[in-house]
file start-v1.txt (compact mmCIF, C-alpha atoms)
# COMPACT_ATOMS: atom_id res chain seq x y z
CA MET A 1 11.12 23.16 -23.94
CA GLY A 2 11.75 19.85 -22.19
CA ASP A 3 9.43 18.06 -19.79
CA VAL A 4 8.89 19.77 -16.45
CA PHE A 5 8.82 17.46 -13.45
CA VAL A 6 9.26 17.46 -9.68
CA ILE A 7 12.17 15.81 -7.89
CA PHE A 8 12.33 14.95 -4.20
CA LYS A 9 15.42 15.09 -2.02
CA VAL A 10 16.10 11.90 -0.05
CA VAL A 11 18.31 12.48 2.98
CA THR A 12 19.78 9.41 4.69
CA ASN A 13 21.49 9.45 8.09
CA VAL A 14 22.93 6.14 9.32
CA HIS A 15 23.32 6.04 13.10
CA GLU A 16 24.38 2.45 13.84
CA VAL A 17 28.04 1.57 13.24
CA GLU A 18 27.26 -1.78 11.58
CA SER A 19 24.74 -0.15 9.25
CA ALA A 20 27.21 2.62 8.41
CA ILE A 21 29.80 0.01 7.43
CA ALA A 22 27.22 -1.83 5.30
CA TYR A 23 26.12 1.36 3.55
CA GLY A 24 29.66 2.69 3.21
CA VAL A 25 28.73 6.18 4.43
CA ARG A 26 27.02 7.75 7.41
CA SER A 27 24.91 10.22 5.44
CA SER A 28 23.89 11.04 1.89
CA GLU A 29 21.60 13.27 -0.15
CA VAL A 30 20.14 12.16 -3.48
CA TRP A 31 17.31 13.37 -5.72
CA HIS A 32 14.60 11.17 -7.26
CA ARG A 33 11.46 11.61 -9.34
CA TYR A 34 8.20 9.94 -8.33
CA SER A 35 8.66 7.48 -11.21
CA GLU A 36 11.88 6.26 -9.58
CA PHE A 37 10.09 5.58 -6.31
CA ASP A 38 7.54 3.62 -8.36
CA LEU A 39 10.34 1.65 -10.02
CA LEU A 40 11.78 0.81 -6.58
CA TYR A 41 8.31 -0.34 -5.51
CA GLN A 42 7.96 -2.59 -8.57
CA TYR A 43 11.41 -4.04 -7.96
CA LEU A 44 10.58 -4.90 -4.32
CA LEU A 45 7.15 -6.24 -5.27
CA HIS A 46 8.61 -8.83 -7.65
CA THR A 47 11.86 -9.54 -5.80
CA TYR A 48 10.21 -10.24 -2.44
CA PRO A 49 6.95 -12.06 -3.24
CA SER A 50 6.38 -13.28 0.34
CA HIS A 51 6.65 -9.80 1.84
CA ILE A 52 4.03 -7.06 2.12
CA ILE A 53 5.51 -4.10 0.28
CA PRO A 54 4.56 -0.72 1.80
CA PRO A 55 2.20 1.29 -0.44
CA LEU A 56 3.26 4.31 -2.44
CA PRO A 57 1.13 7.46 -2.31
CA GLU A 58 -1.29 7.63 -5.22
CA LYS A 59 0.17 8.87 -8.48
CA LYS A 60 -2.91 11.02 -8.98
CA ILE A 61 -5.02 12.18 -6.05
CA SER A 62 -8.57 12.41 -7.36
CA THR A 63 -9.88 14.08 -4.21
CA ASN A 64 -8.84 15.02 -0.70
CA LEU A 65 -11.70 14.89 1.77
CA TRP A 66 -9.83 16.96 4.32
CA THR A 67 -9.07 20.16 2.42
CA LYS A 68 -10.58 19.64 -1.07
CA MET A 69 -7.15 20.58 -2.38
CA THR A 70 -6.22 20.90 -6.02
CA THR A 71 -4.78 17.94 -7.93
CA ASP A 72 -2.31 20.18 -9.81
CA LYS A 73 0.93 18.21 -9.50
CA PHE A 74 2.93 21.44 -9.06
CA ASP A 75 0.71 22.81 -6.29
CA GLY A 76 2.60 23.22 -3.00
CA GLU A 77 -0.05 21.55 -0.83
CA TYR A 78 -0.37 18.65 -3.27
CA LEU A 79 3.41 18.15 -3.23
CA GLU A 80 3.48 18.28 0.57
CA HIS A 81 0.99 15.40 0.72
CA ARG A 82 3.03 13.43 -1.78
CA LYS A 83 6.23 14.10 0.17
CA ILE A 84 4.63 12.78 3.37
CA GLY A 85 3.49 9.62 1.57
CA LEU A 86 6.94 9.03 0.10
CA GLU A 87 8.56 9.53 3.50
CA LYS A 88 6.28 6.89 5.01
CA PHE A 89 7.13 4.52 2.14
CA MET A 90 10.87 4.96 2.69
CA HIS A 91 10.66 4.70 6.49
CA ARG A 92 8.65 1.47 6.23
CA ILE A 93 11.28 -0.10 3.98
CA ALA A 94 14.16 1.17 6.14
CA SER A 95 12.59 -0.38 9.26
CA HIS A 96 11.78 -3.74 7.64
CA PRO A 97 14.13 -6.52 8.82
CA VAL A 98 14.62 -7.88 5.28
CA LEU A 99 13.89 -5.09 2.81
CA HIS A 100 16.30 -2.58 4.37
CA LYS A 101 19.24 -4.89 3.53
CA ASP A 102 18.48 -4.99 -0.19
CA ILE A 103 21.33 -3.80 -2.43
CA VAL A 104 19.01 -1.92 -4.79
CA PHE A 105 17.38 -0.07 -1.88
CA LYS A 106 20.83 0.88 -0.60
CA ALA A 107 21.79 2.09 -4.07
CA PHE A 108 18.57 4.12 -4.25
CA LEU A 109 19.60 5.90 -1.04
CA MET A 110 23.26 6.39 -1.89
CA LYS A 111 23.92 6.44 -5.64
CA GLY A 112 21.47 8.93 -7.11
CA GLU A 113 20.85 8.21 -10.80
CA ASP A 114 23.34 5.32 -10.81
CA TRP A 115 20.99 3.18 -8.72
CA ARG A 116 19.11 2.17 -11.89
CA ALA A 117 22.15 0.27 -13.13
CA VAL A 118 22.16 -1.76 -9.90
CA ALA A 119 18.44 -2.49 -10.32
CA ASP A 120 18.86 -3.49 -13.98
CA SER A 121 21.73 -5.84 -13.07
CA THR A 122 19.21 -7.98 -11.17
CA GLU A 123 17.20 -8.48 -14.40
CA PHE A 124 14.05 -8.05 -12.33
CA ARG A 125 12.14 -6.47 -15.24
CA ALA A 126 12.31 -9.65 -17.31
CA LYS A 127 11.33 -11.78 -14.33
CA ALA A 128 8.53 -9.41 -13.37
CA GLU A 129 6.81 -9.34 -16.75
CA GLY A 130 5.37 -12.83 -16.47
CA VAL A 131 4.64 -12.47 -12.77
CA LEU A 132 2.80 -9.19 -13.34
CA LYS A 133 0.53 -10.82 -15.92
CA GLY A 134 -0.10 -13.62 -13.46
CA ILE A 135 -0.95 -11.21 -10.63
CA GLN A 136 -3.39 -9.35 -12.87
CA ALA A 137 -5.09 -12.54 -14.04
CA SER A 138 -8.14 -14.10 -12.41
CA TYR A 139 -8.04 -17.63 -11.00
CA GLN A 140 -10.60 -20.14 -9.78
CA LEU A 141 -8.78 -22.14 -7.13
CA LYS A 142 -10.05 -25.52 -5.95
CA ASN A 143 -8.20 -25.50 -2.64
CA CYS A 144 -7.51 -21.95 -1.48
CA ASP A 145 -5.80 -21.67 1.91
CA SER A 146 -8.34 -20.28 4.40
CA ARG A 147 -5.71 -17.88 5.78
CA PHE A 148 -5.52 -16.05 2.46
CA THR A 149 -9.28 -16.19 1.92
CA GLU A 150 -9.76 -14.50 5.30
CA LEU A 151 -6.98 -12.02 4.52
CA LYS A 152 -8.67 -11.06 1.25
CA ILE A 153 -11.92 -10.37 3.09
CA TYR A 154 -10.00 -8.41 5.73
CA ALA A 155 -8.25 -6.26 3.08
CA ASP A 156 -11.60 -5.25 1.60
CA GLU A 157 -13.05 -4.54 5.04
CA LEU A 158 -9.95 -2.59 6.11
CA GLU A 159 -10.20 -0.32 3.09
CA THR A 160 -13.93 0.21 3.63
CA ARG A 161 -13.68 0.92 7.38
CA VAL A 162 -10.67 3.22 7.16
CA ASN A 163 -12.21 5.22 4.32
CA ALA A 164 -15.41 5.55 6.36
CA ILE A 165 -13.43 6.95 9.30
CA LEU A 166 -11.57 9.32 6.98
CA ARG A 167 -14.86 10.63 5.58
CA VAL A 168 -16.33 11.25 9.05
CA THR A 169 -13.22 12.89 10.50
CA ALA A 170 -12.85 15.02 7.36
CA ALA A 171 -16.46 16.19 7.75
CA ILE A 172 -15.77 17.09 11.40
CA ALA A 173 -12.64 18.99 10.38
CA GLN A 174 -14.56 20.93 7.73
CA LYS A 175 -17.11 22.03 10.33
CA GLN A 176 -14.34 22.96 12.75
CA ARG A 177 -12.58 24.96 10.03
CA SER A 178 -15.82 26.76 9.22
CA CYS A 179 -16.31 27.51 12.91
CA TYR A 180 -12.77 28.87 13.30
CA ASN A 181 -13.18 31.05 10.22
CA SER A 182 -16.40 32.41 11.73
CA TYR A 183 -14.45 33.34 14.87
CA LYS A 184 -12.24 35.49 12.66
CA ASP A 185 -15.32 37.38 11.45
CA PHE A 186 -16.53 37.49 15.04
CA ALA A 187 -13.23 39.07 16.13
CA LYS A 188 -13.48 41.68 13.38
CA THR A 189 -16.97 42.64 14.54
CA PHE A 190 -15.81 43.26 18.11
CA SER A 191 -12.82 45.28 16.91
CA GLU A 192 -15.07 47.48 14.75
CA TRP A 193 -17.52 47.91 17.59
CA SER A 194 -14.74 49.17 19.89
CA VAL A 195 -14.42 52.28 17.70
CA ILE A 196 -17.80 53.69 18.84
CA GLU A 197 -17.80 52.44 22.44
CA LYS A 198 -15.33 54.61 24.31
CA GLY A 199 -16.11 53.04 27.68
CA LEU A 200 -15.72 49.50 26.29
CA LYS A 201 -12.95 50.16 23.79
CA ILE A 202 -10.21 48.19 25.56
CA PRO A 203 -12.40 45.21 26.60
CA LEU A 204 -13.88 44.93 23.11
CA GLN A 205 -10.44 45.07 21.50
CA LYS A 206 -9.18 42.34 23.86
CA ILE A 207 -12.18 40.15 23.07
CA GLY A 208 -11.55 40.59 19.33
CA HIS A 209 -7.86 39.88 19.77
CA ASN A 210 -8.50 36.61 21.66
CA LEU A 211 -11.08 35.43 19.13
CA ASP A 212 -8.66 36.20 16.32
CA ASN A 213 -5.96 34.16 18.07
CA LEU A 214 -8.40 31.26 18.47
CA GLU A 215 -9.02 31.21 14.71
CA GLY A 216 -5.30 31.10 13.92
CA ALA A 217 -4.42 28.48 16.54
CA GLY A 218 -7.39 26.31 15.56
CA ASN A 219 -6.45 26.18 11.89
CA VAL A 220 -2.86 25.30 12.82
CA LEU A 221 -4.22 22.33 14.80
CA LEU A 222 -6.38 21.24 11.85
CA LEU A 223 -3.30 21.27 9.61
CA GLU A 224 -1.47 19.15 12.17
CA GLU A 225 -4.43 16.74 12.23
CA GLU A 226 -4.25 16.41 8.47
CA MET A 227 -0.57 15.56 8.47
CA LYS A 228 -0.38 13.39 11.59
CA PHE A 229 -3.78 11.68 11.63
CA TYR A 230 -5.41 11.79 8.21
CA GLU A 231 -2.26 10.89 6.26
CA ASN A 232 -1.27 8.17 8.76
CA LEU A 233 -4.68 6.54 8.58
CA LYS A 234 -4.91 6.87 4.80
CA GLU A 235 -1.74 4.78 4.54
CA TYR A 236 -3.70 1.79 5.86
CA ALA A 237 -6.46 2.29 3.30
CA ASN A 238 -3.67 2.08 0.70
CA TYR A 239 -2.26 -1.00 2.43
CA ALA A 240 -5.37 -2.85 1.23
CA CYS A 241 -3.89 -2.83 -2.29
CA SER A 242 -0.57 -4.13 -0.95
CA LEU A 243 -2.38 -6.97 0.79
CA ARG A 244 -4.26 -7.85 -2.41
CA ASP A 245 -0.98 -8.02 -4.35
CA PHE A 246 0.41 -10.22 -1.57
CA ILE A 247 -2.62 -12.55 -1.83
CA ARG A 248 -2.43 -12.67 -5.63
CA LYS A 249 1.13 -13.95 -5.45
CA TYR A 250 -0.09 -16.80 -3.24
CA GLU A 251 -2.93 -17.51 -5.69
CA LEU A 252 -0.46 -17.62 -8.57
CA LEU A 253 1.64 -20.25 -6.80
CA GLN A 254 -1.42 -22.25 -5.72
CA TYR A 255 -2.82 -22.13 -9.24
CA LYS A 256 0.47 -23.41 -10.65
CA VAL A 257 0.33 -26.43 -8.32
CA GLU A 258 -3.31 -27.15 -9.15
CA SER A 259 -2.65 -26.77 -12.90
CA LEU A 260 0.24 -29.25 -12.75
CA GLU A 261 -1.89 -31.70 -10.75
CA ALA A 262 -4.68 -31.38 -13.32
CA THR A 263 -2.18 -31.91 -16.16
CA ILE A 264 -0.78 -35.04 -14.50
CA GLU A 265 -4.27 -36.41 -14.00
CA SER A 266 -5.16 -35.69 -17.63
CA LYS A 267 -2.00 -37.32 -19.02
CA LYS A 268 -2.47 -40.40 -16.86
CA ALA A 269 -6.05 -40.69 -18.09
CA GLY A 270 -4.79 -40.46 -21.68
CA LEU A 271 -2.22 -43.19 -21.10
CA PHE A 272 -4.88 -45.33 -19.43
CA LEU A 273 -7.05 -45.08 -22.54
CA MET A 274 -4.09 -45.95 -24.74
CA GLY A 275 -3.86 -49.28 -22.95
CA LYS A 276 -7.52 -50.22 -23.34
CA PRO A 277 -8.83 -52.78 -25.93
CA GLU A 278 -10.45 -51.32 -28.99
CA ALA A 279 -13.92 -52.84 -28.32
CA GLY A 280 -15.97 -54.94 -25.97
CA GLU A 281 -15.42 -53.01 -22.68
CA ASP A 282 -16.96 -49.95 -21.12
CA VAL A 283 -13.77 -47.91 -21.08
CA ALA A 284 -15.20 -44.42 -20.63
CA SER A 285 -18.12 -42.79 -18.90
CA SER A 286 -17.71 -39.14 -19.91
CA GLU A 287 -18.42 -37.69 -23.34
CA ASP A 288 -14.84 -36.36 -23.62
CA SER A 289 -13.40 -39.77 -22.87
CA LYS A 290 -15.70 -41.40 -25.44
CA LYS A 291 -14.64 -38.85 -28.02
CA ASN A 292 -10.94 -39.39 -27.24
CA LEU A 293 -11.43 -43.13 -27.42
CA SER A 294 -13.23 -42.84 -30.77
CA ASN A 295 -10.31 -40.82 -32.14
CA LEU A 296 -7.91 -43.37 -30.71
CA PHE A 297 -9.55 -46.22 -32.64
CA LYS A 298 -8.94 -44.38 -35.91
CA MET A 299 -5.17 -44.17 -35.32
CA THR A 300 -2.59 -46.40 -36.93
CA PRO A 301 -0.23 -48.32 -34.60
CA ALA A 302 2.56 -45.83 -35.41
CA GLN A 303 0.32 -42.87 -34.53
CA LYS A 304 -0.72 -44.51 -31.27
CA GLU A 305 2.89 -45.08 -30.30
CA ALA A 306 3.80 -41.47 -31.10
CA ARG A 307 0.90 -40.23 -29.01
CA ARG A 308 1.77 -42.55 -26.14
CA SER A 309 5.36 -41.31 -26.23
CA ARG A 310 4.23 -37.68 -26.24
CA LEU A 311 1.82 -38.22 -23.34
CA GLN A 312 4.54 -39.97 -21.33
CA GLN A 313 6.97 -37.13 -21.95
CA GLU A 314 4.39 -34.49 -20.97
CA LEU A 315 3.53 -36.50 -17.87
CA SER A 316 7.18 -36.75 -16.85
CA GLU A 317 7.68 -33.00 -17.35
CA ALA A 318 4.61 -32.15 -15.27
CA GLU A 319 5.63 -34.54 -12.50
CA GLY A 320 9.13 -33.06 -12.53
CA CYS A 321 7.69 -29.55 -12.09
CA LEU A 322 5.16 -30.45 -9.40
CA ASP A 323 7.51 -30.99 -6.45
CA PRO A 324 9.43 -27.70 -6.99
CA ALA A 325 6.09 -25.88 -7.36
CA LYS A 326 4.85 -27.37 -4.09
CA GLN A 327 8.12 -26.41 -2.39
CA ASP A 328 7.80 -22.83 -3.67
CA LEU A 329 4.24 -22.69 -2.35
CA GLU A 330 5.23 -24.14 1.02
CA GLN A 331 8.17 -21.73 1.35
CA PHE A 332 5.92 -18.79 0.43
CA CYS A 333 3.33 -19.76 3.04
CA THR A 334 5.99 -20.16 5.75
CA GLU A 335 7.57 -16.78 5.00
CA ALA A 336 4.14 -15.20 4.56
CA ASP A 337 3.14 -16.27 8.08
CA GLU A 338 6.15 -14.47 9.52
CA GLU A 339 5.54 -11.41 7.36
CA LEU A 340 1.88 -11.19 8.34
CA LYS A 341 2.78 -11.49 12.02
CA LEU A 342 5.28 -8.63 11.68
CA TRP A 343 2.85 -6.48 9.68
CA LYS A 344 0.03 -6.96 12.20
CA GLU A 345 2.31 -5.99 15.08
CA GLU A 346 3.44 -2.84 13.28
CA LYS A 347 -0.13 -2.00 12.26
CA LEU A 348 -1.37 -2.35 15.84
CA ALA A 349 1.38 -0.10 17.22
CA SER A 350 1.02 2.44 14.41
CA LEU A 351 -2.78 2.72 14.67
CA LYS A 352 -2.65 3.05 18.47
CA THR A 353 -0.18 5.91 18.10
CA THR A 354 -2.32 7.54 15.41
CA PHE A 355 -5.47 7.45 17.54
CA ARG A 356 -3.59 8.81 20.56
CA ILE A 357 -2.38 11.69 18.39
CA TYR A 358 -5.93 12.40 17.25
CA ALA A 359 -7.25 12.35 20.82
CA LYS A 360 -4.44 14.67 21.94
CA LEU A 361 -5.21 17.12 19.14
CA GLN A 362 -8.92 17.14 20.03
CA LEU A 363 -7.98 17.93 23.63
CA GLN A 364 -5.84 20.80 22.37
CA HIS A 365 -8.83 22.16 20.42
CA CYS A 366 -10.83 22.13 23.65
CA GLN A 367 -8.01 23.63 25.71
CA GLN A 368 -7.51 26.47 23.25
CA GLY A 369 -11.21 27.18 23.23
CA LEU A 370 -11.31 27.16 27.01
CA GLN A 371 -8.30 29.49 27.26
CA CYS A 372 -9.83 31.84 24.71
CA TRP A 373 -13.17 32.13 26.48
CA GLN A 374 -11.49 32.50 29.86
CA ALA A 375 -9.50 35.39 28.38
CA VAL A 376 -12.70 36.83 26.88
CA SER A 377 -14.36 36.62 30.31
CA THR A 378 -11.42 38.40 31.94
CA ALA A 379 -11.41 41.06 29.21
CA ALA A 380 -15.14 41.68 29.61
CA ALA A 381 -14.61 42.36 33.33
CA SER A 382 -11.68 44.74 32.72
CA LYS A 383 -11.91 48.52 32.51

call {"tool": "encode", "arguments": {"input": "start-v1.txt", "output": "structure tokens"}}
result
Amino acid sequence: MGDVFVIFKVVTNVHEVESAIAYGVRSSEVWHRYSEFDLLYQYLLHTYPSHIIPPLPEKKISTNLWTKMTTDKFDGEYLEHRKIGLEKFMHRIASHPVLHKDIVFKAFLMKGEDWRAVADSTEFRAKAEGVLKGIQASYQLKNCDSRFTELKIYADELETRVNAILRVTAAIAQKQRSCYNSYKDFAKTFSEWSVIEKGLKIPLQKIGHNLDNLEGAGNVLLLEEEMKFYENLKEYANYACSLRDFIRKYELLQYKVESLEATIESKKAGLFLMGKPEAGEDVASSEDSKKNLSNLFKMTPAQKEARRSRLQQELSEAEGCLDPAKQDLEQFCTEADEELKLWKEEKLASLKTTFRIYAKLQLQHCQQGLQCWQAVSTAAASK
């Protein structure tokens, strides 16, 4: 028996005429595995280094504070959470002013399995291998841009604060769920009591009916909270990882510049020593320089010339690489400023909407409770 896996249907509807012309069709339906969404993410991550790539939902959900759901990848509730996360991922890309124009993204939406050929034609895997190792490495930078230092601190704080809010709201939801489930038992008690109270049979049945309705309506609201509040907010906890990847790409470029500068300084120092007399002057103050000078004195004229030639060549190569590296860094920082501005604007709007949704849902909890108890009061007064 072959591997069993889940595939997700991606439905695309293009409304603008210009976009429809660019995409070639107005609508499409394709099917993709989670691994293909991950491949698209990796492609975007390495093709657009100065952009913040939206986060994918976790490959494995270790826990869900809201419902304590199973992590069985074939479980319906688990798949619903994954589907919501993938939808957010796709909507973020589709609304991005740069990413939505990418040919591989368009192929992902329109070509089904054939999109991989378009991705492979970019040779991004070969380019990404070295970059990925660089992103995963650890660097000690001498001159880190304060903007990225502050952003790194913010990413950690964002993850911590959002996760704290998720824990508290999940605890509140658990208590609300327990309360609503108790109302169901409460309703059953009134209904059973109505059997022996002939004079109160109808009022007791109405009270039980209203309490039973409250339990059902309340749990529907909690499910809506999970999908519209919890999942929306969790996306920004996951964005912390996207921000860290974004920062690491800056660090990689900055480290390259600093490494080239250090190499140039080292080669110049070596050439300086090559030009010093063999004795009689204090030509070095450090132990390394003294050791290099001692080795230099033991060389034959031919060896010295070969070394001087090699140092000059290495110096020229490093100097030739430095300006392009600085230009890459400068371009990254310029584009990163624009990207961060866009991301902050979207984050602000998205979080405001999310908190308004949460407040509205809490009001609905209260309104349903009020309506229920008003109905209970009316039922108690009835004959």

call {"tool": "closest_residue", "arguments": {"input": "start-v1.txt", "among": "A:Leu109, A:Leu222, A:Ala117, A:Ala318", "to": "Lys175 of chain A", "atoms": "all atoms listed in the file"}}
result
A:Leu222

call {"tool": "atom_distance", "arguments": {"input": "start-v1.txt", "atom1": "atom CA of Tyr183 of chain A", "atom2": "atom CA of Ala359 of chain A"}}
result
23.0 Å

call {"tool": "atom_distance", "arguments": {"input": "start-v1.txt", "atom1": "atom CA of Phe229 of chain A", "atom2": "atom CA of Ile52 of chain A"}}
result
22.4 Å

call {"tool": "residues_around", "arguments": {"input": "start-v1.txt", "residues": "Lys9 of chain A", "least_positions_apart": "4", "cutoff": "8 Å", "atoms": "all atoms listed in the file", "output": "compact mmCIF listing (two decimals) with C-alpha atoms, keeping the file's coordinate frame"}}
result
# COMPACT_ATOMS: atom_id res chain seq x y z
CA GLU A 29 21.60 13.27 -0.15
CA VAL A 30 20.14 12.16 -3.48
CA TRP A 31 17.31 13.37 -5.72
CA HIS A 32 14.60 11.17 -7.26

call {"tool": "residues_around", "arguments": {"input": "start-v1.txt", "residues": "segment 330-335 of chain A", "least_positions_apart": "5", "cutoff": "8 Å", "atoms": "only C-alpha atoms", "output": "JSON, numbers by chain"}}
result
{"A": [49, 50, 51, 250]}

call {"tool": "axis_aligned_box", "arguments": {"input": "start-v1.txt", "around": "segment 154-160 of chain A", "padding_each_side": "8 Å", "output": "lines of an AutoDock Vina configuration file"}}
result
center_x = -11.1
center_y = -4.1
center_z = 3.9
size_x = 21.7
size_y = 24.6
size_z = 20.5

call {"tool": "atom_distance", "arguments": {"input": "start-v1.txt", "atom1": "atom CA of Pro97 of chain A", "atom2": "atom CA of Leu342 of chain A"}}
result
9.5 Å

call {"tool": "closest_residue", "arguments": {"input": "start-v1.txt", "among": "A:Leu211, A:Leu273, A:Ala379, A:Ile53", "to": "Asp38 of chain A", "atoms": "all atoms listed in the file"}}
result
A:Ile53

call {"tool": "residues_around", "arguments": {"input": "start-v1.txt", "residues": "segment 199-209 of chain A", "least_positions_apart": "4", "cutoff": "12 Å", "atoms": "only C-alpha atoms", "output": "list in words"}}
result
Tyr183, Lys184, Asp185, Phe186, Ala187, Lys188, Thr189, Phe190, Ser191, Glu192, Trp193, Ser194, Val195, Asn213, Leu214, Glu215, Gly216, Cys372, Trp373, Gln374, Ala375, Val376, Ser377, Thr378, Ala379, Ala380, Ala381, Ser382 and Lys383 of chain A

call {"tool": "write_last_selection", "arguments": {"input": "start-v1.txt", "atoms": "C-alpha atoms", "output": "compact mmCIF listing (two decimals), keeping the file's coordinate frame"}}
result
# COMPACT_ATOMS: atom_id res chain seq x y z
CA TYR A 183 -14.45 33.34 14.87
CA LYS A 184 -12.24 35.49 12.66
CA ASP A 185 -15.32 37.38 11.45
CA PHE A 186 -16.53 37.49 15.04
CA ALA A 187 -13.23 39.07 16.13
CA LYS A 188 -13.48 41.68 13.38
CA THR A 189 -16.97 42.64 14.54
CA PHE A 190 -15.81 43.26 18.11
CA SER A 191 -12.82 45.28 16.91
CA GLU A 192 -15.07 47.48 14.75
CA TRP A 193 -17.52 47.91 17.59
CA SER A 194 -14.74 49.17 19.89
CA VAL A 195 -14.42 52.28 17.70
CA ASN A 213 -5.96 34.16 18.07
CA LEU A 214 -8.40 31.26 18.47
CA GLU A 215 -9.02 31.21 14.71
CA GLY A 216 -5.30 31.10 13.92
CA CYS A 372 -9.83 31.84 24.71
CA TRP A 373 -13.17 32.13 26.48
CA GLN A 374 -11.49 32.50 29.86
CA ALA A 375 -9.50 35.39 28.38
CA VAL A 376 -12.70 36.83 26.88
CA SER A 377 -14.36 36.62 30.31
CA THR A 378 -11.42 38.40 31.94
CA ALA A 379 -11.41 41.06 29.21
CA ALA A 380 -15.14 41.68 29.61
CA ALA A 381 -14.61 42.36 33.33
CA SER A 382 -11.68 44.74 32.72
CA LYS A 383 -11.91 48.52 32.51

call {"tool": "residues_around", "arguments": {"input": "start-v1.txt", "residues": "segment 119-123 of chain A", "least_positions_apart": "5", "cutoff": "12 Å", "atoms": "only C-alpha atoms", "output": "MDAnalysis selection string"}}
result
chainID A and resid 36 39:44 46:47 102:108 111 113:114 128:129

call {"tool": "write_last_selection", "arguments": {"input": "start-v1.txt", "atoms": "C-alpha atoms", "output": "PDB file, in the frame of the given file"}}
result
ATOM      1  CA  GLU A  36      11.880   6.260  -9.580  1.00  0.00           C
ATOM      2  CA  LEU A  39      10.340   1.650 -10.020  1.00  0.00           C
ATOM      3  CA  LEU A  40      11.780   0.810  -6.580  1.00  0.00           C
ATOM      4  CA  TYR A  41       8.310  -0.340  -5.510  1.00  0.00           C
ATOM      5  CA  GLN A  42       7.960  -2.590  -8.570  1.00  0.00           C
ATOM      6  CA  TYR A  43      11.410  -4.040  -7.960  1.00  0.00           C
ATOM      7  CA  LEU A  44      10.580  -4.900  -4.320  1.00  0.00           C
ATOM      8  CA  HIS A  46       8.610  -8.830  -7.650  1.00  0.00           C
ATOM      9  CA  THR A  47      11.860  -9.540  -5.800  1.00  0.00           C
ATOM     10  CA  ASP A 102      18.480  -4.990  -0.190  1.00  0.00           C
ATOM     11  CA  ILE A 103      21.330  -3.800  -2.430  1.00  0.00           C
ATOM     12  CA  VAL A 104      19.010  -1.920  -4.790  1.00  0.00           C
ATOM     13  CA  PHE A 105      17.380  -0.070  -1.880  1.00  0.00           C
ATOM     14  CA  LYS A 106      20.830   0.880  -0.600  1.00  0.00           C
ATOM     15  CA  ALA A 107      21.790   2.090  -4.070  1.00  0.00           C
ATOM     16  CA  PHE A 108      18.570   4.120  -4.250  1.00  0.00           C
ATOM     17  CA  LYS A 111      23.920   6.440  -5.640  1.00  0.00           C
ATOM     18  CA  GLU A 113      20.850   8.210 -10.800  1.00  0.00           C
ATOM     19  CA  ASP A 114      23.340   5.320 -10.810  1.00  0.00           C
ATOM     20  CA  ALA A 128       8.530  -9.410 -13.370  1.00  0.00           C
ATOM     21  CA  GLU A 129       6.810  -9.340 -16.750  1.00  0.00           C
TER      22      GLU A 129
END

call {"tool": "closest_residue", "arguments": {"input": "start-v1.txt", "among": "A:Ile93, A:Val162, A:Val257, A:Cys321", "to": "Ala240 of chain A", "atoms": "all atoms listed in the file"}}
result
A:Val162

call {"tool": "residues_around", "arguments": {"input": "start-v1.txt", "residues": "Gln140 of chain A", "least_positions_apart": "3", "cutoff": "10 Å", "atoms": "all atoms listed in the file", "output": "ChimeraX atom specification"}}
result
/A:143-144,251,255
